[in-house]
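Below is one structure, written out as structure tokens; comments come after it.
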Amino acid sequence: MLTGPTWSQKLREEIGKAVIGQDAVVERLLVALLANGHVLLEGMPGLAKTLLVKSLGTALGVQFERIQFTPDLLPSDVVGTMIFQPKTGEFTAHRGPIFANLVLADEINRAPAKVQSALLEAMQERQVTIGGQTIILPKPFFVMATQNPVEQEGTYPLPEAQTDRFLFKLLVDYPTADEETQMMSRWGQVTKQPALTPVSSGEELLSLRTEVDKIHVAPAVQAYILALVRATRALAIDPKNQLNPGVRHLSFGASPRASLALFQASRALAWLRGQDFVNPALVQDIAPDVLRHRIGLTYEAEAEEITTDKIVAGVLDRTAVPKL
């Protein structure tokens, strides 16, 4: 039986041929695959976000499609449209690039809300509707989107209903000096560009999810997950916050999707690390990636330069950890 560490290692080694560093991000992407969730990658340009997702698709051996989001993009450019056939006099569905296993929505915040909303049905229901005809998307199906956190001119912030459908929001940081030195040595030789080969498959991934479902989550850990999520809602109502007592820092807390995401992602992380049960440390490890995009900061919090990660860290510090 294939174990989590073994499966993770073979994918990491293959992705590492093209992407140097970003080990924590790669692990989260694998967790998202196992938990059947979508991922939002946020980082400055040039940090290999696109290359990382493309390399993941190649190593996984699934169909990969990239959609470059621009202000003039139309919903039909994403999901497809009905095409009139003169020979038959009928309309047939022309399928868009979303009909793939792994879809990269590159710079998703550059497209208007109408185009972003074209992904909602696909992300939630794993299906799209074209001309009144519902078409099921292939299995497995994932959306991995990228966005630039700094450049705001000409961009459209993702609505809360859109961000809530992402399992994780991952922050991609700059590489270390050693990793950047390796990049110069490797990519400075055009003739030695790495060629990746599939080391897994979509069928294997679907079968591994049954192993993730066997990971045990004790009632005390389930209660801990629920306490973390509900603590963010309490902060939005009662501004008792250690960062600045008496100031309301959250306009809204995490939705029930956050509880489900923490529960399933913690199980996937446990299996990936070779454990057969979820402990509170795993929940704490993955909580920032699950919660940072599901809570809304107030103007007061932004004025005080308080981030969602600081809020999540405070919630983790103040929530009692169960003893197993």
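If you're wondering about the labels, chains in the structure tokens are A, B, ... by order shown, residues count from 1 in each chain, ligands from 1 in order shown.
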
Report task. Determine which residues of region 82-275 of chain A receive a DSSP assignment of strand (DSSP E), computed from the backbone, and state them as a ChimeraX atom specification. Result -> /A:82-85,90-95,102-106,127-130,133-136,142-147,166-171,250-252

Would you save the residues of that selection, restricted to C-alpha atoms, as a compact mmCIF listing (two decimals), in the first residue's frame?
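Heads up, here's the output in result.txt:
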```
# COMPACT_ATOMS: atom_id res chain seq x y z
CA MET A 82 -22.93 27.29 -27.78
CA ILE A 83 -21.78 27.16 -31.42
CA PHE A 84 -24.21 27.10 -34.35
CA GLN A 85 -23.55 24.30 -36.84
CA GLU A 90 -28.31 23.02 -34.41
CA PHE A 91 -26.32 24.53 -31.58
CA THR A 92 -23.64 22.40 -29.94
CA ALA A 93 -21.68 23.06 -26.77
CA HIS A 94 -18.10 24.18 -27.29
CA ARG A 95 -16.18 23.34 -24.13
CA LEU A 102 -6.00 21.01 -13.14
CA VAL A 103 -6.94 24.54 -14.18
CA LEU A 104 -4.59 27.45 -13.50
CA ALA A 105 -6.43 30.78 -13.24
CA ASP A 106 -3.42 33.04 -13.68
CA GLN A 127 -20.03 21.07 -13.21
CA VAL A 128 -20.77 23.92 -15.62
CA THR A 129 -23.90 25.03 -17.44
CA ILE A 130 -23.63 25.97 -21.13
CA GLN A 133 -27.08 22.16 -20.59
CA THR A 134 -25.29 20.91 -17.46
CA ILE A 135 -21.98 19.19 -18.14
CA ILE A 136 -20.00 17.33 -15.47
CA PHE A 142 -8.95 21.51 -9.20
CA VAL A 143 -8.68 25.25 -9.65
CA MET A 144 -5.43 26.86 -8.60
CA ALA A 145 -5.43 30.64 -8.93
CA THR A 146 -2.64 33.19 -8.61
CA GLN A 147 -2.78 36.87 -7.76
CA PHE A 166 -10.74 28.10 -1.92
CA LEU A 167 -9.51 25.52 0.57
CA PHE A 168 -6.24 27.40 1.12
CA LYS A 169 -4.82 30.83 0.54
CA LEU A 170 -1.07 30.32 0.37
CA LEU A 171 1.46 33.12 0.63
CA LEU A 250 -13.12 41.73 12.22
CA SER A 251 -16.18 42.60 10.18
CA PHE A 252 -17.08 38.92 9.78
```

Requested in this report: Using only C-alpha atoms, determine which residues lie at most 10 Å from Gly202 (chain A), disregarding the query and same-chain residues fewer than 2 positions distant; provide the list as a list in words.
Outcome: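 The filter keeps Leu33, Gly57, Leu60, Gly61, Val62, Gln63, Asn101, Lys139, Pro140, Phe141, Ser200, Glu204, Leu205, Leu206, Ser207 and Leu208 of chain A.
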
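For the atom pair formed by CA of Leu282 (chain A) and CA of Ser266 (chain A), the distance is 6.1 Å, given to one decimal.
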
Report task. Determine which residues of region 95-202 of chain A receive a DSSP assignment of helix (DSSP H, G or I), computed from the backbone, and state them as JSON, numbers by chain. Result -> {"A": [108, 109, 110, 113, 114, 115, 116, 117, 118, 119, 120, 121, 122, 123, 124, 125, 160, 161, 162, 163, 177, 178, 179, 180, 181, 182, 183, 184, 185, 186, 187, 190, 191, 192, 202]}

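Closest to Gly296 (chain A) among A:Thr163, A:Thr319, A:Ser259, A:Ser185 is A:Thr163, based on only C-alpha atoms.
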
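Nearest to Val212 (chain A) of all the residues A:Ile98, A:Leu269, A:Leu316, A:Ile67 is A:Leu269, counting only C-alpha atoms.
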
Report task. Would you mind listing what lies within 10 Å of Ser117 (chain A) as a list in words, with only C-alpha atoms counted and same-chain residues fewer than 2 positions away left out? Result ->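 These residues fall inside the cut-off: Pro75, Pro112, Ala113, Lys114, Val115, Leu119, Leu120, Glu121, Ala122, Met123, Leu158, Pro159, Ala161 and Gln162 of chain A.
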
Report task. For Glu180 (chain A), please output as an MDAnalysis selection string all residues within 12 Å (counting only C-alpha atoms; exclusion window: fewer than 4 positions along the same chain). Result -> chainID A and resid 19:22 46:48 174:176 184:188

**Report entry** Shell of 12 Å around Val290 (chain A), only C-alpha atoms, local chain residues under 2 positions omitted, as a PyMOL selection string
**Finding:** chain A and resi 28+31-32+37-40+163-171+225+228-229+254-266+283-288+292-295+308-309+312

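Distances here use only C-alpha atoms; by that measure, the residue among A:Val25, A:Pro280, A:Asp289, A:Ala111 closest to Val53 (chain A) is A:Val25.
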